[in-house]
file start-v5.cif (mmCIF, C-alpha atoms and all ligand atoms)
data_work
loop_
_atom_site.label_atom_id
_atom_site.label_comp_id
_atom_site.auth_asym_id
_atom_site.auth_seq_id
_atom_site.Cartn_x
_atom_site.Cartn_y
_atom_site.Cartn_z
CA MET A 144 8.88 11.44 -1.65
CA ASP A 145 5.75 9.96 -0.02
CA ARG A 146 6.45 10.67 3.66
CA SER A 147 4.45 7.79 5.11
CA ASN A 148 7.33 5.29 5.01
CA LEU A 149 9.73 7.82 6.52
CA ASP A 150 7.21 8.69 9.24
CA HIS A 151 6.81 4.99 9.99
CA TRP A 152 10.55 4.48 10.41
CA GLU A 153 10.99 7.63 12.44
CA GLN A 154 8.43 6.18 14.86
CA LEU A 155 9.96 2.69 14.96
CA ALA A 156 13.43 4.12 15.50
CA THR A 157 12.31 5.64 18.77
CA VAL A 158 10.55 2.46 19.91
CA HIS A 159 12.94 -0.34 18.98
CA GLY A 160 15.17 -1.62 21.71
CA THR A 161 13.04 -0.07 24.42
CA GLY A 162 10.81 -2.19 26.63
CA ALA A 163 9.67 -5.61 25.44
CA ASP A 164 11.28 -6.26 22.09
CA ARG A 165 11.83 -9.53 20.31
CA TYR A 166 14.87 -8.49 18.22
CA TYR A 167 16.69 -5.45 19.47
CA HIS A 168 18.30 -6.71 22.68
CA LEU A 169 20.41 -3.65 23.22
CA ASP A 170 21.63 -4.67 26.69
CA SER A 171 23.26 -7.67 25.11
CA LEU A 172 24.78 -5.52 22.32
CA VAL A 173 26.16 -3.00 24.80
CA ALA A 174 27.55 -5.86 26.89
CA GLY A 175 29.60 -7.00 23.89
CA GLY A 176 27.22 -9.41 22.14
CA THR A 177 26.08 -9.27 18.52
CA LEU A 178 22.54 -9.18 17.18
CA MET A 179 23.65 -10.43 13.75
CA GLY A 180 22.13 -13.71 12.67
CA ALA A 181 24.25 -16.69 11.65
CA GLU A 182 23.48 -16.04 7.98
CA GLU A 183 24.71 -12.44 8.14
CA ILE A 184 27.89 -13.53 9.90
CA ASP A 185 28.41 -16.22 7.23
CA ALA A 186 27.79 -13.74 4.42
CA LEU A 187 30.46 -11.37 5.75
CA ARG A 188 32.87 -14.28 6.16
CA ILE A 189 32.30 -15.39 2.56
CA ALA A 190 32.43 -11.85 1.15
CA THR A 191 35.78 -11.20 2.84
CA ASP A 192 37.29 -14.55 1.79
CA GLU A 193 37.34 -15.60 5.48
CA LYS A 194 39.43 -12.56 6.44
CA GLY A 195 36.70 -10.62 8.29
CA VAL A 196 35.90 -6.94 8.10
CA ALA A 197 38.83 -5.58 10.14
CA GLY A 198 40.49 -2.71 8.31
CA LEU A 199 37.75 -2.45 5.66
CA ASP A 200 35.60 0.56 4.80
CA VAL A 201 32.02 -0.66 5.15
CA LEU A 202 28.85 1.15 4.12
CA HIS A 203 25.90 -0.17 6.13
CA LEU A 204 22.92 0.68 3.97
CA GLN A 205 19.56 1.24 5.71
CA CYS A 206 21.37 0.69 8.99
CA HIS A 207 18.34 1.48 11.20
CA ILE A 208 19.52 1.96 14.83
CA GLY A 209 22.87 0.48 13.86
CA CYS A 210 23.15 -2.79 15.76
CA ASP A 211 25.08 -4.46 12.92
CA SER A 212 27.09 -1.27 12.29
CA ILE A 213 28.34 -1.51 15.86
CA THR A 214 29.23 -5.19 15.48
CA MET A 215 31.29 -4.47 12.36
CA ALA A 216 32.97 -1.45 13.98
CA ARG A 217 33.88 -3.61 16.96
CA GLU A 218 35.49 -6.05 14.58
CA GLY A 219 37.73 -3.27 13.29
CA ALA A 220 35.85 -1.98 10.24
CA ARG A 221 35.50 1.75 9.50
CA VAL A 222 31.71 1.86 9.28
CA THR A 223 29.42 4.45 7.72
CA GLY A 224 25.72 3.95 8.45
CA VAL A 225 23.21 5.33 5.96
CA ASP A 226 19.52 5.69 6.66
CA PHE A 227 16.81 8.18 5.72
CA SER A 228 15.60 8.32 9.33
CA ALA A 229 17.30 11.00 11.41
CA ALA A 230 15.84 9.36 14.53
CA ALA A 231 17.48 6.03 13.63
CA LEU A 232 20.86 7.67 13.09
CA SER A 233 20.59 9.52 16.36
CA ARG A 234 19.89 6.21 18.16
CA LEU A 235 22.88 4.69 16.35
CA SER A 236 25.20 7.49 17.49
CA SER A 237 24.09 7.13 21.13
CA LEU A 238 24.48 3.38 20.98
CA ALA A 239 27.91 3.63 19.37
CA GLN A 240 28.99 5.92 22.19
CA LEU A 241 27.70 3.43 24.78
CA CYS A 242 29.60 0.66 22.98
CA ASP A 243 32.71 2.82 22.68
CA VAL A 244 33.04 2.50 18.91
CA GLU A 245 33.00 5.04 16.10
CA VAL A 246 30.37 4.89 13.37
CA ARG A 247 29.94 7.72 10.89
CA THR A 248 26.34 8.46 9.93
CA VAL A 249 24.91 9.85 6.70
CA GLU A 250 21.23 10.75 6.38
CA ALA A 251 20.28 9.85 2.83
CA ASP A 252 17.78 8.08 0.65
CA SER A 253 19.26 4.76 -0.42
CA ARG A 254 17.62 5.07 -3.84
CA ASP A 255 19.83 8.06 -4.58
CA LEU A 256 23.01 7.89 -2.52
CA PRO A 257 25.04 11.09 -2.32
CA HIS A 258 28.03 11.21 -4.65
CA GLU A 259 30.32 12.03 -1.70
CA LEU A 260 30.13 8.28 -0.94
CA ASP A 261 31.30 7.23 -4.41
CA GLY A 262 34.24 4.85 -4.60
CA ALA A 263 34.89 4.91 -0.84
CA PHE A 264 33.92 1.40 0.30
CA ASP A 265 35.22 -2.16 0.25
CA LEU A 266 31.83 -3.54 1.28
CA VAL A 267 28.25 -2.37 1.11
CA TYR A 268 26.26 -4.37 3.65
CA ALA A 269 22.44 -4.40 3.73
CA SER A 270 20.38 -6.85 5.68
CA ILE A 271 16.87 -8.10 6.31
CA GLY A 272 13.97 -5.81 5.59
CA VAL A 273 15.62 -3.34 3.23
CA LEU A 274 14.35 -3.93 -0.32
CA CYS A 275 10.62 -3.93 0.45
CA TRP A 276 10.91 -0.15 1.03
CA ILE A 277 12.51 0.45 -2.33
CA ASP A 278 10.54 1.14 -5.49
CA ASP A 279 13.54 2.08 -7.62
CA LEU A 280 15.71 -1.01 -7.36
CA SER A 281 17.93 0.18 -10.23
CA GLY A 282 18.63 3.43 -8.37
CA TRP A 283 19.46 1.43 -5.22
CA MET A 284 21.85 -0.90 -7.07
CA ASP A 285 23.43 1.98 -8.95
CA GLY A 286 24.17 3.73 -5.64
CA VAL A 287 25.73 0.52 -4.29
CA GLN A 288 27.86 0.18 -7.40
CA ARG A 289 29.01 3.81 -7.15
CA ALA A 290 29.85 3.52 -3.45
CA LEU A 291 32.09 0.50 -4.00
CA ARG A 292 35.75 0.60 -4.91
CA SER A 293 36.85 -1.57 -7.77
CA GLY A 294 36.91 -5.12 -6.36
CA GLY A 295 34.49 -4.16 -3.56
CA ARG A 296 31.44 -6.25 -2.81
CA LEU A 297 27.77 -5.90 -2.07
CA VAL A 298 26.66 -8.17 0.79
CA LEU A 299 22.89 -8.43 0.72
CA VAL A 300 21.11 -10.72 3.18
CA GLU A 301 17.40 -10.30 2.60
CA LEU A 302 14.07 -11.97 3.23
CA HIS A 303 13.28 -14.27 0.32
CA PRO A 304 10.49 -12.87 -1.86
CA LEU A 305 8.58 -16.15 -1.41
CA LEU A 306 8.45 -15.53 2.35
CA THR A 307 7.28 -11.95 1.95
CA MET A 308 4.30 -13.14 -0.14
CA ILE A 309 2.89 -14.85 2.95
CA ASP A 310 1.09 -12.78 5.57
CA SER A 311 0.02 -15.73 7.72
CA VAL A 312 0.15 -19.52 7.58
CA GLU A 313 -3.02 -20.31 9.59
CA PRO A 314 -5.08 -19.29 7.72
CA LEU A 315 -2.86 -19.15 4.66
CA VAL A 316 -2.95 -15.53 3.49
CA VAL A 317 -0.87 -14.60 0.44
CA ASP A 318 -1.19 -10.84 0.10
CA PHE A 319 1.99 -9.69 -1.62
CA PRO A 320 3.06 -10.56 -5.19
CA TYR A 321 6.36 -12.20 -6.11
CA ASN A 322 7.49 -9.75 -8.80
CA PHE A 323 7.43 -5.96 -8.68
CA ASP A 324 4.08 -4.45 -9.61
CA GLY A 325 4.19 -1.05 -7.91
CA GLY A 326 3.37 -0.09 -4.34
CA HIS A 327 1.15 -1.98 -1.91
CA VAL A 328 -0.36 -0.01 0.94
CA PHE A 329 -0.52 -1.69 4.35
CA SER A 330 -1.85 -0.32 7.64
CA GLY A 331 -1.47 -1.63 11.14
CA VAL A 332 -0.38 -1.06 14.70
CA GLY A 333 2.69 -2.11 16.65
CA SER A 334 6.04 -3.21 15.26
CA TYR A 335 7.50 -6.49 14.00
CA ALA A 336 9.80 -6.27 17.01
CA ASN A 337 7.10 -5.42 19.52
CA ARG A 338 3.47 -5.99 18.56
CA ASP A 339 2.30 -3.99 21.56
CA ALA A 340 4.33 -0.90 20.68
CA ASP A 341 2.15 2.18 20.70
CA VAL A 342 2.45 3.02 16.98
CA ALA A 343 -0.11 3.11 14.20
CA TRP A 344 1.09 3.16 10.63
CA THR A 345 0.32 3.17 6.94
CA THR A 346 3.17 2.21 4.62
CA THR A 347 3.77 1.52 0.96
CA GLN A 348 5.88 -1.54 0.28
CA PHE A 349 7.34 -3.09 -2.85
CA THR A 350 8.27 -6.61 -3.81
CA HIS A 351 11.24 -7.68 -5.92
CA GLY A 352 11.57 -11.26 -7.15
CA LEU A 353 14.93 -13.00 -7.02
CA ALA A 354 15.50 -12.64 -10.77
CA GLU A 355 14.69 -8.92 -10.55
CA ILE A 356 17.25 -8.46 -7.76
CA LEU A 357 19.91 -10.35 -9.69
CA MET A 358 19.22 -8.54 -12.96
CA ALA A 359 19.25 -5.13 -11.24
CA SER A 360 22.63 -5.88 -9.70
CA GLN A 361 23.94 -7.12 -13.03
CA ARG A 362 22.60 -4.08 -14.91
CA ALA A 363 24.33 -1.83 -12.36
CA GLY A 364 27.61 -3.51 -13.34
CA LEU A 365 28.05 -5.90 -10.38
CA ARG A 366 29.05 -9.53 -10.90
CA THR A 367 27.38 -12.14 -8.71
CA SER A 368 30.00 -14.16 -6.85
CA TYR A 369 27.70 -15.94 -4.38
CA LEU A 370 23.98 -16.65 -4.21
CA GLU A 371 22.19 -18.77 -1.64
CA GLU A 372 18.50 -19.39 -1.00
CA HIS A 373 18.13 -20.47 2.63
CA THR A 374 15.29 -22.79 3.63
CA SER A 375 15.83 -22.02 7.30
CA MET A 376 17.18 -19.10 9.27
CA SER A 377 18.31 -18.35 12.77
CA PHE A 378 15.26 -16.33 13.89
CA ASP A 379 11.64 -15.65 12.98
CA PRO A 380 11.95 -12.41 11.02
CA ARG A 381 8.28 -11.44 10.87
CA GLY A 382 6.86 -12.76 14.11
CA MET A 383 4.97 -15.56 12.28
CA ASP A 384 4.35 -17.50 15.48
CA GLY A 385 5.01 -21.20 15.23
CA GLY A 386 7.82 -21.22 12.68
CA ILE A 387 10.65 -21.94 15.13
CA GLU A 388 11.42 -25.69 15.07
CA SER A 389 13.06 -27.98 17.62
CA ASP A 390 16.56 -27.13 16.34
CA GLY A 391 15.83 -23.43 17.05
CA ARG A 392 15.70 -22.57 13.31
CA PHE A 393 12.82 -20.76 11.63
CA ARG A 394 11.18 -22.55 8.69
CA LEU A 395 8.11 -21.89 6.61
CA ARG A 396 6.13 -25.01 5.74
CA LEU A 397 2.84 -24.74 3.90
CA GLY A 398 0.34 -27.59 4.14
CA THR A 399 1.58 -31.13 4.58
CA GLY A 400 4.23 -33.20 2.84
CA ALA A 401 2.09 -36.35 2.56
CA HIS A 402 0.95 -37.21 -0.96
CA ASP A 403 -1.98 -39.48 -0.10
CA GLY A 404 -3.12 -37.71 3.03
CA SER A 405 -2.95 -40.94 5.07
CA VAL A 406 0.18 -40.05 6.96
CA THR A 407 1.23 -36.71 8.30
CA VAL A 408 4.59 -35.74 6.95
CA ASP A 409 6.00 -32.27 7.36
CA ALA A 410 5.81 -30.19 4.20
CA CYS A 411 9.17 -29.32 2.72
CA PRO A 412 10.42 -25.92 3.89
CA MET A 413 10.17 -22.98 1.51
CA PRO A 414 13.00 -20.50 0.90
CA VAL A 415 12.92 -17.84 3.61
CA LEU A 416 16.13 -15.87 3.14
CA LEU A 417 18.62 -15.09 0.41
CA THR A 418 22.26 -14.11 0.42
CA LEU A 419 23.66 -12.26 -2.57
CA ILE A 420 27.29 -11.27 -2.81
CA ALA A 421 28.19 -9.29 -5.93
CA GLN A 422 31.48 -7.68 -6.88
CA LYS A 423 32.34 -4.46 -8.67
CA PRO A 424 34.92 -5.35 -11.36
C1 LIG B 501 13.99 -3.24 8.65
S1 LIG B 501 15.07 -1.89 8.85
C2 LIG B 501 16.64 -2.58 8.50
C3 LIG B 501 16.82 -3.58 9.47
C4 LIG B 501 18.14 -3.90 9.95
N1 LIG B 501 18.49 -5.17 9.39
C5 LIG B 501 18.00 -4.01 11.45
O1 LIG B 501 17.37 -4.96 11.90
O2 LIG B 501 18.42 -3.14 12.14
C6 LIG B 501 14.82 -0.93 7.41
C7 LIG B 501 15.54 0.41 7.45
O3 LIG B 501 15.46 0.97 6.14
C8 LIG B 501 15.35 2.37 6.28
N2 LIG B 501 14.82 2.88 5.01
C9 LIG B 501 13.63 2.57 4.42
N3 LIG B 501 13.54 3.18 3.23
C10 LIG B 501 14.68 3.90 3.05
C11 LIG B 501 15.17 4.72 2.01
N4 LIG B 501 14.46 4.95 0.89
N5 LIG B 501 16.39 5.28 2.16
C12 LIG B 501 17.14 5.07 3.29
N6 LIG B 501 16.70 4.31 4.31
C13 LIG B 501 15.50 3.71 4.20
C14 LIG B 501 14.44 2.57 7.48
O4 LIG B 501 14.59 3.83 8.06
C15 LIG B 501 14.93 1.44 8.39
O5 LIG B 501 15.88 1.92 9.29
#

call {"tool": "encode", "arguments": {"input": "start-v5.cif", "output": "structure tokens"}}
result
Amino acid sequence: MDRSNLDHWEQLATVHGTGADRYYHLDSLVAGGTLMGAEEIDALRIATDEKGVAGLDVLHLQCHIGCDSITMAREGARVTGVDFSAAALSRLSSLAQLCDVEVRTVEADSRDLPHELDGAFDLVYASIGVLCWIDDLSGWMDGVQRALRSGGRLVLVELHPLLTMIDSVEPLVVDFPYNFDGGHVFSGVGSYANRDADVAWTTTQFTHGLAEILMASQRAGLRTSYLEEHTSMSFDPRGMDGGIESDGRFRLRLGTGAHDGSVTVDACPMPVLLTLIAQKP
């Protein structure tokens, strides 16, 4: 495996939730709050037929430092967090202890999940910022399918591939394709959660269009039971300053909505997030 992505995440796992951070408000989590967005909460509600996760075996795939793992454990789920970053899993375990919940951790590559996880889960949950690290989407979906029990569901809440095409709105920079075409190398400093974080990185990222995601899940043997393309979401996922509107929701609008240019009308919002729920027969 190319180590640059792993090195990047090992670094971010030590930085996130420390100091100034726009997403990982760990004090609030430890105090009993949740860092899940409204769309993730909705997705879990829909995937559990309104029953909630209590009593379910949940695999949290690419769990990072485990903020959502802890929320689901607090709600009564038996949660296993999987990530390839040992540093992330170590942060998760410390946080879980602080929050007085149990979360099992498994260090593994999500493109090739260990067979010990096969058939053990009612839900596989993966959210926001997971698929762009995955070249082998079929391997990822196959692992999800194997991990689920019959009747179990994948709950995927992910950035919409149209959003990930856009690097910046002013000026409009479109630097990532819609459909998979191999790896794209990016370099930078800081983190999406803290631009001033003292990290420098080079990563390889991959895009997957909506049809590719759906077809991969179908080929793995999962049946789509719910699909939503959201044109707004509860937070700005990539720090694209200016996207939060007066109702507190993040939207991506390109250009203007006026046809003749004589009046300024807001452009219609683009899809920014998707929810896919797919069931193992
Ligand atoms: C953006 S984070 C997930 C974010 C999560 N929604 C959150 O905010 O906590 C992406 C995670 O994917 C993990 N990851 C990336 N590639 C992976 C792979 N091939 N196998 C397992 N984990 C991977 C990283 O270590 C990181 O923790």

call {"tool": "atom_distance", "arguments": {"input": "start-v5.cif", "atom1": "atom S1 of ligand LIG 501 (chain B)", "atom2": "CA of Thr374 (chain A)"}}
result
21.5 Å

call {"tool": "closest_atom_pairs", "arguments": {"input": "start-v5.cif", "of": "chain A", "to": "ligand LIG 501 (chain B)", "cutoff": "7 Å", "atoms": "all atoms listed in the file", "output": "Markdown table"}}
result
| residue | atom | partner | partner_atom | distance |
| --- | --- | --- | --- | --- |
| A:Asn148 | CA | B:LIG501 | N3 | 6.8 |
| A:Leu149 | CA | B:LIG501 | O4 | 6.5 |
| A:Trp152 | CA | B:LIG501 | O4 | 4.7 |
| A:Glu153 | CA | B:LIG501 | O4 | 6.8 |
| A:Gln205 | CA | B:LIG501 | O3 | 4.1 |
| A:Cys206 | CA | B:LIG501 | O5 | 5.6 |
| A:His207 | CA | B:LIG501 | O5 | 3.1 |
| A:Ile208 | CA | B:LIG501 | O2 | 5.9 |
| A:Gly209 | CA | B:LIG501 | O2 | 6.0 |
| A:Cys210 | CA | B:LIG501 | O2 | 6.0 |
| A:Asp211 | CA | B:LIG501 | O2 | 6.8 |
| A:Val225 | CA | B:LIG501 | C12 | 6.6 |
| A:Asp226 | CA | B:LIG501 | N6 | 3.9 |
| A:Phe227 | CA | B:LIG501 | C12 | 4.0 |
| A:Ser228 | CA | B:LIG501 | O4 | 4.8 |
| A:Ala231 | CA | B:LIG501 | O5 | 6.2 |
| A:Ala251 | CA | B:LIG501 | C12 | 5.7 |
| A:Asp252 | CA | B:LIG501 | N5 | 3.5 |
| A:Ser253 | CA | B:LIG501 | N5 | 3.9 |
| A:Arg254 | CA | B:LIG501 | N4 | 5.7 |
| A:Ala269 | CA | B:LIG501 | N1 | 6.9 |
| A:Ser270 | CA | B:LIG501 | N1 | 4.5 |
| A:Ile271 | CA | B:LIG501 | N1 | 4.5 |
| A:Gly272 | CA | B:LIG501 | C1 | 4.0 |
| A:Val273 | CA | B:LIG501 | C6 | 4.9 |
| A:Trp276 | CA | B:LIG501 | N3 | 4.8 |
| A:Ile277 | CA | B:LIG501 | N4 | 5.9 |

call {"tool": "write_last_selection", "arguments": {"input": "start-v5.cif", "atoms": "C-alpha atoms", "output": "mmCIF file, keeping the file's coordinate frame"}}
result
data_model
loop_
_atom_site.group_PDB
_atom_site.id
_atom_site.type_symbol
_atom_site.label_atom_id
_atom_site.label_comp_id
_atom_site.auth_asym_id
_atom_site.auth_seq_id
_atom_site.Cartn_x
_atom_site.Cartn_y
_atom_site.Cartn_z
ATOM 1 C CA ASN A 148 7.330 5.290 5.010
ATOM 2 C CA LEU A 149 9.730 7.820 6.520
ATOM 3 C CA TRP A 152 10.550 4.480 10.410
ATOM 4 C CA GLU A 153 10.990 7.630 12.440
ATOM 5 C CA GLN A 205 19.560 1.240 5.710
ATOM 6 C CA CYS A 206 21.370 0.690 8.990
ATOM 7 C CA HIS A 207 18.340 1.480 11.200
ATOM 8 C CA ILE A 208 19.520 1.960 14.830
ATOM 9 C CA GLY A 209 22.870 0.480 13.860
ATOM 10 C CA CYS A 210 23.150 -2.790 15.760
ATOM 11 C CA ASP A 211 25.080 -4.460 12.920
ATOM 12 C CA VAL A 225 23.210 5.330 5.960
ATOM 13 C CA ASP A 226 19.520 5.690 6.660
ATOM 14 C CA PHE A 227 16.810 8.180 5.720
ATOM 15 C CA SER A 228 15.600 8.320 9.330
ATOM 16 C CA ALA A 231 17.480 6.030 13.630
ATOM 17 C CA ALA A 251 20.280 9.850 2.830
ATOM 18 C CA ASP A 252 17.780 8.080 0.650
ATOM 19 C CA SER A 253 19.260 4.760 -0.420
ATOM 20 C CA ARG A 254 17.620 5.070 -3.840
ATOM 21 C CA ALA A 269 22.440 -4.400 3.730
ATOM 22 C CA SER A 270 20.380 -6.850 5.680
ATOM 23 C CA ILE A 271 16.870 -8.100 6.310
ATOM 24 C CA GLY A 272 13.970 -5.810 5.590
ATOM 25 C CA VAL A 273 15.620 -3.340 3.230
ATOM 26 C CA TRP A 276 10.910 -0.150 1.030
ATOM 27 C CA ILE A 277 12.510 0.450 -2.330
#

call {"tool": "atom_distance", "arguments": {"input": "start-v5.cif", "atom1": "CA of Gly294 (chain A)", "atom2": "CA of His373 (chain A)"}}
result
25.9 Å

call {"tool": "atom_distance", "arguments": {"input": "start-v5.cif", "atom1": "CA of Met284 (chain A)", "atom2": "CA of Val249 (chain A)"}}
result
17.7 Å

call {"tool": "closest_residue", "arguments": {"input": "start-v5.cif", "among": "A:Leu202, A:Ala421, A:Thr346, A:Leu315", "to": "Ser330 (chain A)", "atoms": "all atoms listed in the file"}}
result
A:Thr346

call {"tool": "residues_around", "arguments": {"input": "start-v5.cif", "residues": "Gln361 (chain A)", "least_positions_apart": "4", "cutoff": "12 Å", "atoms": "only C-alpha atoms", "output": "PyMOL selection string"}}
result
chain A and resi 280-281+284-285+287-288+297+354-357+365-368+419-424

call {"tool": "closest_residue", "arguments": {"input": "start-v5.cif", "among": "A:Ala401, A:Ala340, A:Leu172, A:Leu416", "to": "Thr307 (chain A)", "atoms": "only C-alpha atoms"}}
result
A:Leu416

call {"tool": "closest_residue", "arguments": {"input": "start-v5.cif", "among": "A:Phe264, A:Arg289, A:Tyr166, A:Lys194", "to": "Gly364 (chain A)", "atoms": "all atoms listed in the file"}}
result
A:Arg289

call {"tool": "residues_around", "arguments": {"input": "start-v5.cif", "residues": "Ala410 (chain A)", "least_positions_apart": "4", "cutoff": "8 Å", "atoms": "only C-alpha atoms", "output": "CSV table (one decimal) with C-alpha atoms, in the coordinates of the input"}}
result
chain,number,residue,atom,x,y,z
A,396,ARG,CA,6.1,-25.0,5.7
A,397,LEU,CA,2.8,-24.7,3.9
A,398,GLY,CA,0.3,-27.6,4.1
A,399,THR,CA,1.6,-31.1,4.6
A,400,GLY,CA,4.2,-33.2,2.8
A,401,ALA,CA,2.1,-36.4,2.6

call {"tool": "residues_near_point", "arguments": {"input": "start-v5.cif", "point": "(32.4, -13.9, 4.2)", "cutoff": "12 Å", "atoms": "only C-alpha atoms", "output": "list in words"}}
result
Ala181, Glu182, Glu183, Ile184, Asp185, Ala186, Leu187, Arg188, Ile189, Ala190, Thr191, Asp192, Glu193, Lys194, Gly195, Val196, Leu266, Tyr268, Arg296, Leu297, Val298, Leu299, Val300, Ser368, Tyr369, Thr418, Leu419, Ile420 and Ala421 of chain A

call {"tool": "closest_residue", "arguments": {"input": "start-v5.cif", "among": "A:Leu305, A:Leu291, A:Val317, A:Ile213", "to": "Arg234 (chain A)", "atoms": "all atoms listed in the file"}}
result
A:Ile213

call {"tool": "residues_near_point", "arguments": {"input": "start-v5.cif", "point": "(9.6, -0.9, 23.5)", "cutoff": "12 Å", "atoms": "all atoms listed in the file", "output": "PyMOL selection string"}}
result
chain A and resi 154-169+333-342

call {"tool": "residues_around", "arguments": {"input": "start-v5.cif", "residues": "Val246 (chain A)", "least_positions_apart": "2", "cutoff": "10 Å", "atoms": "all atoms listed in the file", "output": "PDB file with C-alpha atoms, in the coordinates of the input"}}
result
ATOM      1  CA  HIS A 203      25.900  -0.170   6.130  1.00  0.00           C
ATOM      2  CA  GLY A 209      22.870   0.480  13.860  1.00  0.00           C
ATOM      3  CA  SER A 212      27.090  -1.270  12.290  1.00  0.00           C
ATOM      4  CA  ILE A 213      28.340  -1.510  15.860  1.00  0.00           C
ATOM      5  CA  MET A 215      31.290  -4.470  12.360  1.00  0.00           C
ATOM      6  CA  ALA A 216      32.970  -1.450  13.980  1.00  0.00           C
ATOM      7  CA  ARG A 217      33.880  -3.610  16.960  1.00  0.00           C
ATOM      8  CA  ALA A 220      35.850  -1.980  10.240  1.00  0.00           C
ATOM      9  CA  ARG A 221      35.500   1.750   9.500  1.00  0.00           C
ATOM     10  CA  VAL A 222      31.710   1.860   9.280  1.00  0.00           C
ATOM     11  CA  THR A 223      29.420   4.450   7.720  1.00  0.00           C
ATOM     12  CA  GLY A 224      25.720   3.950   8.450  1.00  0.00           C
ATOM     13  CA  LEU A 232      20.860   7.670  13.090  1.00  0.00           C
ATOM     14  CA  LEU A 235      22.880   4.690  16.350  1.00  0.00           C
ATOM     15  CA  SER A 236      25.200   7.490  17.490  1.00  0.00           C
ATOM     16  CA  LEU A 238      24.480   3.380  20.980  1.00  0.00           C
ATOM     17  CA  ALA A 239      27.910   3.630  19.370  1.00  0.00           C
ATOM     18  CA  GLN A 240      28.990   5.920  22.190  1.00  0.00           C
ATOM     19  CA  ASP A 243      32.710   2.820  22.680  1.00  0.00           C
ATOM     20  CA  VAL A 244      33.040   2.500  18.910  1.00  0.00           C
ATOM     21  CA  THR A 248      26.340   8.460   9.930  1.00  0.00           C
ATOM     22  CA  VAL A 249      24.910   9.850   6.700  1.00  0.00           C
TER      23      VAL A 249
END

call {"tool": "closest_residue", "arguments": {"input": "start-v5.cif", "among": "A:Asp318, A:Glu250, A:Glu313, A:Glu218", "to": "Ala230 (chain A)", "atoms": "all atoms listed in the file"}}
result
A:Glu250

call {"tool": "closest_residue", "arguments": {"input": "start-v5.cif", "among": "A:Met376, A:Leu274, A:Met179, A:Met383", "to": "Pro412 (chain A)", "atoms": "all atoms listed in the file"}}
result
A:Met376

call {"tool": "build_atoms", "arguments": {"input": "start-v5.cif", "residues": "region 202-215 of chain A", "atoms": "N, CA and C atoms", "output": "mmCIF file, keeping the file's coordinate frame"}}
result
data_model
loop_
_atom_site.group_PDB
_atom_site.id
_atom_site.type_symbol
_atom_site.label_atom_id
_atom_site.label_comp_id
_atom_site.auth_asym_id
_atom_site.auth_seq_id
_atom_site.Cartn_x
_atom_site.Cartn_y
_atom_site.Cartn_z
ATOM 1 N N LEU A 202 30.063 0.337 4.135
ATOM 2 C CA LEU A 202 28.850 1.150 4.120
ATOM 3 C C LEU A 202 27.705 0.252 4.554
ATOM 4 N N HIS A 203 27.066 0.597 5.663
ATOM 5 C CA HIS A 203 25.900 -0.170 6.130
ATOM 6 C C HIS A 203 24.671 0.580 5.661
ATOM 7 N N LEU A 204 24.038 0.018 4.629
ATOM 8 C CA LEU A 204 22.920 0.680 3.970
ATOM 9 C C LEU A 204 21.619 0.350 4.685
ATOM 10 N N GLN A 205 20.823 1.380 4.950
ATOM 11 C CA GLN A 205 19.560 1.240 5.710
ATOM 12 C C GLN A 205 19.863 0.592 7.070
ATOM 13 N N CYS A 206 20.758 1.268 7.779
ATOM 14 C CA CYS A 206 21.370 0.690 8.990
ATOM 15 C C CYS A 206 20.425 0.686 10.188
ATOM 16 N N HIS A 207 19.284 1.376 10.088
ATOM 17 C CA HIS A 207 18.340 1.480 11.200
ATOM 18 C C HIS A 207 19.082 1.991 12.448
ATOM 19 N N ILE A 208 18.888 1.401 13.618
ATOM 20 C CA ILE A 208 19.520 1.960 14.830
ATOM 21 C C ILE A 208 20.952 1.432 15.000
ATOM 22 N N GLY A 209 21.431 0.709 13.976
ATOM 23 C CA GLY A 209 22.870 0.480 13.860
ATOM 24 C C GLY A 209 23.449 -0.699 14.626
ATOM 25 N N CYS A 210 22.615 -1.667 14.980
ATOM 26 C CA CYS A 210 23.150 -2.790 15.760
ATOM 27 C C CYS A 210 24.265 -3.508 14.992
ATOM 28 N N ASP A 211 24.038 -3.765 13.700
ATOM 29 C CA ASP A 211 25.080 -4.460 12.920
ATOM 30 C C ASP A 211 26.257 -3.536 12.619
ATOM 31 N N SER A 212 25.989 -2.228 12.498
ATOM 32 C CA SER A 212 27.090 -1.270 12.290
ATOM 33 C C SER A 212 28.071 -1.383 13.447
ATOM 34 N N ILE A 213 27.508 -1.469 14.650
ATOM 35 C CA ILE A 213 28.340 -1.510 15.860
ATOM 36 C C ILE A 213 29.148 -2.817 15.892
ATOM 37 N N THR A 214 28.504 -3.921 15.519
ATOM 38 C CA THR A 214 29.230 -5.190 15.480
ATOM 39 C C THR A 214 30.424 -5.108 14.528
ATOM 40 N N MET A 215 30.194 -4.538 13.342
ATOM 41 C CA MET A 215 31.290 -4.470 12.360
ATOM 42 C C MET A 215 32.376 -3.499 12.815
#
